[in-house]
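Here the structure comes first, spelled out in structure tokens, and everything after it is commentary.
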Amino acid sequence: MNIHFKLSSAMLNHVIGDLVRPHPFAAERAGFIGCKVSRSREGILILGHTYMTLQDNWYTDDQRYGCFFNADAMRAAMQFALTNDASMFHVHMHEHMGLPWFSRIDLRESSKFVPDFWNVRPNLPHGTLVVSKDSAAGLCWYPSENKPNRISRITAVGFPMKFLERLT
Amino acid sequence: MNGRFSRQSFLGANSEFLFRSVRAAIVGLGGGGSHIAQHSAHVGIGRFALFDPDTTEFPNLNRTVGATFEDAISKTPKVIVAERMIKGINPYAEVWPMQLEWQKDFESLRACDVVFGCLDGFSRRAQLEESCRRAMIPLIDIGMDVHKGEPYSISGQVVVSMPEKPCFKCLGFIRDKDLDDEGRRYGEAGGNPQVVWSNGVLASTAVGIFIQLLAPWCPISPGSAFLGYDGDRFTLEHDARFAVGVNHNCEHFGSIGDLGDPFWKP
């Protein structure tokens, strides 16, 4: 399945600006992007609209993880999905140049919490993104599919257009 | 970078690959859209979606780039004329020629990275802008008019509608009054005067804006633009309305419900 994730350049800058902020104890930050979905001739479009920053007290101090958020964070994200009929994408950052990818822990944990969004919005795809300083990658769980699909295109729309990931 | 694009290497080492992978929609393949198709093919754009239900007629030959006398006799669809021209310049281009109104194939439009709007009328422009906003696609609109009077006067515009930036209404390009007036005139027949040279100026500028969005050669942002063309004085300048509208926070397309497919089903 061909999946194209789009967000505005302004939102990308906002996301990166939020994620690079130091946290009192967590090694990295995370957030959620509330999205809408559409269909195109080449697959589906995921359209980022609202960035939801995680409050400092929504992180759990667990040294096994760079970032571990608590139930309040998930509750807020699920409420956003429910209220806005939104597709939800978790996002975090690896602070380097070039194409990023998920760690084994990222993959294991996201495969647990991302499908939870189907409890409130079962007909929508949900997923996770990892951004670097100049690129991004993502996984998308499509309804009724157990395994995630790699997002084939990620585009920041603005001036200039940034094609962060382009597999097709 | 092969030799073909060596004269535009200043656009960046990756520009050839980037242009090849980008899909541009051209909505309306008349005087403006045919120019845009030709220019985009020359610059190396590799994927196209072309929308126009019309066939070539003799009155089109004064301005439709690529159309021939034979096309007018055989009434060749305009999208086929454009496809032939694009493939003549770049045989490897992937072209979707759709001889229909763009509203009948939303999914093809949504697959595009940028849309060129070359339509007549405010309501059709407003509809196209809404569809582009729903899929977060930058829309570059061009249009021209020859105004009847003593003497005649030529004017036109290039307007960029960028997602999350001021829309046509914010920029003052489309006003409710224009839509109302047009609605009252609905059904009136008549082909407006059109000429090749002013279409060419506007189309070339639109393609320049497109390339500046993809591979900027300087830091001046065309992210939002409203350029007015004075075809009598041969000038193209920022429209006075742009200065007022450019700092608007768009209230017409701001909510999450303005994005995506309202009737989405997996």
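By convention here, the chains of the structure tokens are called A, B, ... in the order presented, each chain's residues are numbered starting at 1, and ligands are numbered starting at 1 in the order presented.
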Determine, for each residue of chain B having at least one atom at most 10 Å from an atom of chain A, the closest pair of atoms and their separation in Å to one decimal, counting only C-alpha atoms; order by chain and ascending number, as a Markdown table.
| residue | atom | partner | partner_atom | distance |
| --- | --- | --- | --- | --- |
| B:Leu18 | CA | A:Phe163 | CA | 8.7 |
| B:Ser21 | CA | A:Thr168 | CA | 7.9 |
| B:Val22 | CA | A:Phe163 | CA | 9.8 |
| B:Asp105 | CA | A:Arg41 | CA | 8.9 |
| B:Phe106 | CA | A:Ser40 | CA | 7.5 |
| B:Glu107 | CA | A:Ser40 | CA | 4.1 |
| B:Ser108 | CA | A:Arg41 | CA | 4.9 |
| B:Leu109 | CA | A:Ser40 | CA | 7.5 |
| B:Arg110 | CA | A:Ser40 | CA | 5.2 |
| B:Ala111 | CA | A:Ser40 | CA | 5.1 |
| B:Cys112 | CA | A:Ser40 | CA | 8.8 |
| B:Asp113 | CA | A:Val157 | CA | 8.9 |
| B:Val114 | CA | A:Val157 | CA | 9.8 |
| B:Arg134 | CA | A:Ser38 | CA | 8.4 |
| B:Ala135 | CA | A:Leu47 | CA | 7.1 |
| B:Met136 | CA | A:Leu47 | CA | 7.2 |
| B:Ile137 | CA | A:Val157 | CA | 7.6 |
| B:Pro138 | CA | A:Val157 | CA | 7.7 |
| B:Met162 | CA | A:Gly158 | CA | 7.0 |
| B:Pro163 | CA | A:Ser8 | CA | 7.3 |
| B:Glu164 | CA | A:Ser8 | CA | 7.3 |
| B:Lys165 | CA | A:Gly158 | CA | 9.0 |
| B:Phe210 | CA | A:Pro160 | CA | 9.8 |
| B:Ile211 | CA | A:Pro160 | CA | 9.5 |
| B:Gln212 | CA | A:Pro160 | CA | 7.4 |
| B:Leu213 | CA | A:Pro160 | CA | 4.7 |
| B:Leu214 | CA | A:Met161 | CA | 5.5 |
| B:Ala215 | CA | A:Pro160 | CA | 7.1 |
| B:Pro216 | CA | A:Pro160 | CA | 6.8 |
| B:Pro219 | CA | A:Pro160 | CA | 9.2 |
| B:Ile220 | CA | A:Phe159 | CA | 9.3 |
| B:Ser221 | CA | A:Phe159 | CA | 6.3 |
| B:Pro222 | CA | A:Phe159 | CA | 7.2 |
| B:Gly223 | CA | A:Phe159 | CA | 5.3 |
| B:Ser224 | CA | A:Phe159 | CA | 9.0 |
| B:Gly254 | CA | A:His49 | CA | 9.1 |
| B:Ser255 | CA | A:His49 | CA | 8.3 |
| B:Ile256 | CA | A:His49 | CA | 6.1 |
| B:Gly257 | CA | A:Asn84 | CA | 7.9 |
| B:Asp258 | CA | A:Lys36 | CA | 9.1 |
| B:Leu259 | CA | A:Lys36 | CA | 6.0 |
| B:Gly260 | CA | A:Ser38 | CA | 4.8 |
| B:Asp261 | CA | A:Ser38 | CA | 4.8 |
| B:Pro262 | CA | A:Ser38 | CA | 8.4 |
| B:Phe263 | CA | A:Ser38 | CA | 8.9 |
| B:Trp264 | CA | A:Ser38 | CA | 6.6 |
| B:Lys265 | CA | A:Asn123 | CA | 6.7 |
| B:Pro266 | CA | A:Asn123 | CA | 6.1 |
Item checked: strand (DSSP E) residues, from DSSP on the backbone, in region 42-165 of chain A, as an MDAnalysis selection string -> chainID A and resid 43:53 87:93 126:131 136:141 149:150 153:157 162:165
Selection export as a JSON list (two decimals), in the first residue's frame, atoms kept: C-alpha atoms:
[["chain", "number", "residue", "atom", "x", "y", "z"],
["A", 43, "GLY", "CA", -2.88, 5.09, -2.33],
["A", 44, "ILE", "CA", -3.86, 7.02, 0.76],
["A", 45, "LEU", "CA", -2.98, 10.45, 2.07],
["A", 46, "ILE", "CA", -2.44, 11.15, 5.76],
["A", 47, "LEU", "CA", -2.76, 14.89, 6.33],
["A", 48, "GLY", "CA", -1.27, 16.32, 9.51],
["A", 49, "HIS", "CA", -3.29, 19.12, 11.11],
["A", 50, "THR", "CA", -2.68, 19.48, 14.85],
["A", 51, "TYR", "CA", 0.47, 18.84, 16.84],
["A", 52, "MET", "CA", -0.13, 17.73, 20.38],
["A", 53, "THR", "CA", 2.84, 18.32, 22.64],
["A", 87, "SER", "CA", -6.03, 9.60, 12.73],
["A", 88, "MET", "CA", -3.20, 9.78, 15.27],
["A", 89, "PHE", "CA", 0.53, 9.60, 14.60],
["A", 90, "HIS", "CA", 3.09, 9.41, 17.36],
["A", 91, "VAL", "CA", 6.28, 11.33, 16.56],
["A", 92, "HIS", "CA", 9.75, 11.45, 18.06],
["A", 93, "MET", "CA", 13.15, 12.59, 16.87],
["A", 126, "HIS", "CA", -2.79, 5.34, 12.87],
["A", 127, "GLY", "CA", 0.97, 5.22, 13.13],
["A", 128, "THR", "CA", 4.30, 6.55, 14.19],
["A", 129, "LEU", "CA", 6.93, 8.84, 12.70],
["A", 130, "VAL", "CA", 10.57, 9.40, 13.44],
["A", 131, "VAL", "CA", 12.11, 12.64, 12.22],
["A", 136, "ALA", "CA", 11.78, 11.35, 8.30],
["A", 137, "ALA", "CA", 10.37, 7.84, 8.18],
["A", 138, "GLY", "CA", 7.13, 6.33, 9.32],
["A", 139, "LEU", "CA", 4.96, 3.30, 9.87],
["A", 140, "CYS", "CA", 1.22, 3.13, 9.42],
["A", 141, "TRP", "CA", -1.23, 0.60, 10.82],
["A", 149, "ASN", "CA", 3.11, -0.52, 6.36],
["A", 150, "ARG", "CA", 6.13, 1.65, 5.78],
["A", 153, "ARG", "CA", 6.33, 9.41, 1.07],
["A", 154, "ILE", "CA", 6.60, 12.14, 3.68],
["A", 155, "THR", "CA", 6.28, 15.70, 2.42],
["A", 156, "ALA", "CA", 6.50, 19.01, 4.23],
["A", 157, "VAL", "CA", 4.35, 21.38, 2.20],
["A", 162, "LYS", "CA", 10.62, 19.25, 1.54],
["A", 163, "PHE", "CA", 10.45, 15.67, 0.38],
["A", 164, "LEU", "CA", 11.60, 13.98, 3.57],
["A", 165, "GLU", "CA", 10.97, 10.44, 2.42]]
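Backbone DSSP of region 17-142 of chain A yields alpha helix (DSSP H) at Gly17, Asp18, Leu19, Ala71, Asp72, Ala73, Met74, Arg75, Ala76, Ala77, Met78, Gln79, Phe80, Ala81, Leu82, Thr83, Asn84, Arg104, Ile105, Asp106, Leu107, Arg108, Glu109, Ser110, Ser111, Lys112 and Phe113 of chain A.
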Margin query: Taking 6 positions as the minimum chain separation for residues in the same chain, which residues sit within 12 Å of Thr68 (chain B) when counting only C-alpha atoms? Answer as a VMD selection string.
Written below: chain B and resid 56 to 62 74 to 78 80 to 82 84 to 85
Checklist line | Residue neighbourhood Phe19 (chain B), 10 Å, only C-alpha atoms, exclusion window fewer than 3 positions, as a list in words | finding: Asn14, Ser15, Glu16, Val22, Arg23, Ala24, Ser40, Ala41, Val43, Gly44, Ile45, Gly46, Arg47, Ile211, Leu214 and Ala215 of chain B
Item checked: For Thr205 (chain B): contacts at 12 Å, only C-alpha atoms, fewer than 2 positions along chain excluded, given as a PyMOL selection string -> chain B and resi 32+35-36+39-40+116+140-143+156-160+198-203+207-212+222+225-229+235-237
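Residue nearest Ala93 (chain B), chosen from B:Gln38, B:Arg20, B:Val146, B:Ile26 and counting only C-alpha atoms: B:Arg20.
Residues in contact with Arg75 (chain A) at 12 Å, where only C-alpha atoms are counted and same-chain residues fewer than 5 positions away are skipped, are listed as Phe32, Leu54, Trp58, Phe69, Asn70, Phe80, Ala81, Leu82, Phe113, Asp116, Phe117, Asn119 and Val120 of chain A.
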Take the residues that were just selected and, keeping N, CA and C atoms, output them as a PDB file, in the first residue's frame.
ATOM      1  N   PHE A  32       2.195  13.876  19.478  1.00  0.00           N
ATOM      2  CA  PHE A  32       1.240  13.226  18.564  1.00  0.00           C
ATOM      3  C   PHE A  32       0.763  14.244  17.535  1.00  0.00           C
ATOM      4  N   LEU A  54       3.470  16.805  24.426  1.00  0.00           N
ATOM      5  CA  LEU A  54       3.253  16.071  25.679  1.00  0.00           C
ATOM      6  C   LEU A  54       3.765  16.906  26.849  1.00  0.00           C
ATOM      7  N   TRP A  58       3.728  14.125  31.885  1.00  0.00           N
ATOM      8  CA  TRP A  58       3.176  12.926  31.236  1.00  0.00           C
ATOM      9  C   TRP A  58       4.280  11.901  30.917  1.00  0.00           C
ATOM     10  N   PHE A  69       6.032   7.553  28.038  1.00  0.00           N
ATOM     11  CA  PHE A  69       4.951   8.429  28.506  1.00  0.00           C
ATOM     12  C   PHE A  69       3.878   7.609  29.190  1.00  0.00           C
ATOM     13  N   ASN A  70       3.100   8.286  30.033  1.00  0.00           N
ATOM     14  CA  ASN A  70       2.154   7.574  30.875  1.00  0.00           C
ATOM     15  C   ASN A  70       0.746   7.552  30.273  1.00  0.00           C
ATOM     16  N   PHE A  80      -8.393  13.276  21.675  1.00  0.00           N
ATOM     17  CA  PHE A  80      -8.302  14.096  20.458  1.00  0.00           C
ATOM     18  C   PHE A  80      -8.826  13.311  19.256  1.00  0.00           C
ATOM     19  N   ALA A  81      -8.429  12.062  19.159  1.00  0.00           N
ATOM     20  CA  ALA A  81      -8.884  11.222  18.044  1.00  0.00           C
ATOM     21  C   ALA A  81     -10.392  11.096  18.039  1.00  0.00           C
ATOM     22  N   LEU A  82     -10.943  10.897  19.227  1.00  0.00           N
ATOM     23  CA  LEU A  82     -12.396  10.704  19.346  1.00  0.00           C
ATOM     24  C   LEU A  82     -13.145  11.988  18.995  1.00  0.00           C
ATOM     25  N   PHE A 113       1.126   0.348  21.445  1.00  0.00           N
ATOM     26  CA  PHE A 113       0.184   1.449  21.729  1.00  0.00           C
ATOM     27  C   PHE A 113      -0.531   1.995  20.502  1.00  0.00           C
ATOM     28  N   ASP A 116      -3.955   0.725  19.843  1.00  0.00           N
ATOM     29  CA  ASP A 116      -4.938   1.151  20.845  1.00  0.00           C
ATOM     30  C   ASP A 116      -5.864   2.245  20.321  1.00  0.00           C
ATOM     31  N   PHE A 117      -5.379   3.027  19.363  1.00  0.00           N
ATOM     32  CA  PHE A 117      -6.231   4.087  18.816  1.00  0.00           C
ATOM     33  C   PHE A 117      -7.451   3.519  18.086  1.00  0.00           C
ATOM     34  N   ASN A 119      -9.367   1.558  19.346  1.00  0.00           N
ATOM     35  CA  ASN A 119     -10.451   1.473  20.335  1.00  0.00           C
ATOM     36  C   ASN A 119     -11.404   2.663  20.217  1.00  0.00           C
ATOM     37  N   VAL A 120     -10.868   3.808  19.768  1.00  0.00           N
ATOM     38  CA  VAL A 120     -11.730   4.990  19.622  1.00  0.00           C
ATOM     39  C   VAL A 120     -12.025   5.310  18.161  1.00  0.00           C
TER      40      VAL A 120
END
Just want the 7 Å neighbourhood of region 119-124 of chain B, counted on only C-alpha atoms, with same-chain residues fewer than 3 positions away dropped. Output as an mmCIF file with N, CA, C and O atoms, in the first residue's frame.
data_model
loop_
_atom_site.group_PDB
_atom_site.id
_atom_site.type_symbol
_atom_site.label_atom_id
_atom_site.label_comp_id
_atom_site.auth_asym_id
_atom_site.auth_seq_id
_atom_site.Cartn_x
_atom_site.Cartn_y
_atom_site.Cartn_z
ATOM 1 N N VAL B 27 -4.868 21.730 -14.719
ATOM 2 C CA VAL B 27 -6.326 21.705 -14.864
ATOM 3 C C VAL B 27 -6.706 22.778 -15.878
ATOM 4 O O VAL B 27 -6.647 23.973 -15.576
ATOM 5 N N GLY B 28 -7.053 22.338 -17.068
ATOM 6 C CA GLY B 28 -7.314 23.254 -18.178
ATOM 7 C C GLY B 28 -6.106 23.294 -19.095
ATOM 8 O O GLY B 28 -5.039 23.756 -18.691
ATOM 9 N N GLN B 127 -13.725 26.198 -6.246
ATOM 10 C CA GLN B 127 -13.895 24.744 -6.047
ATOM 11 C C GLN B 127 -12.549 24.025 -6.108
ATOM 12 O O GLN B 127 -12.264 23.132 -5.310
ATOM 13 N N LEU B 128 -11.738 24.422 -7.081
ATOM 14 C CA LEU B 128 -10.434 23.762 -7.218
ATOM 15 C C LEU B 128 -9.571 24.047 -5.993
ATOM 16 O O LEU B 128 -8.883 23.153 -5.479
ATOM 17 N N ILE B 174 -10.609 36.396 -4.808
ATOM 18 C CA ILE B 174 -12.004 36.011 -4.995
ATOM 19 C C ILE B 174 -12.823 36.642 -3.870
ATOM 20 O O ILE B 174 -12.511 36.470 -2.688
ATOM 21 N N ASP B 178 -17.956 38.558 -6.353
ATOM 22 C CA ASP B 178 -17.581 37.975 -7.649
ATOM 23 C C ASP B 178 -18.349 36.676 -7.887
ATOM 24 O O ASP B 178 -18.812 36.398 -8.994
ATOM 25 N N LEU B 179 -18.450 35.872 -6.830
ATOM 26 C CA LEU B 179 -19.147 34.593 -6.958
ATOM 27 C C LEU B 179 -20.633 34.814 -7.222
ATOM 28 O O LEU B 179 -21.234 34.120 -8.053
#
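Of the listed residues A:Asn2, A:Gln79, A:Glu95, A:Ile33, the one whose atoms come nearest to Arg21 (chain A) is A:Glu95, with distances taken using only C-alpha atoms.
Nearest to Ser103 (chain A) of all the residues A:Pro22, A:Pro115, A:Gly17, A:Gly66 is A:Gly66, counting only C-alpha atoms.
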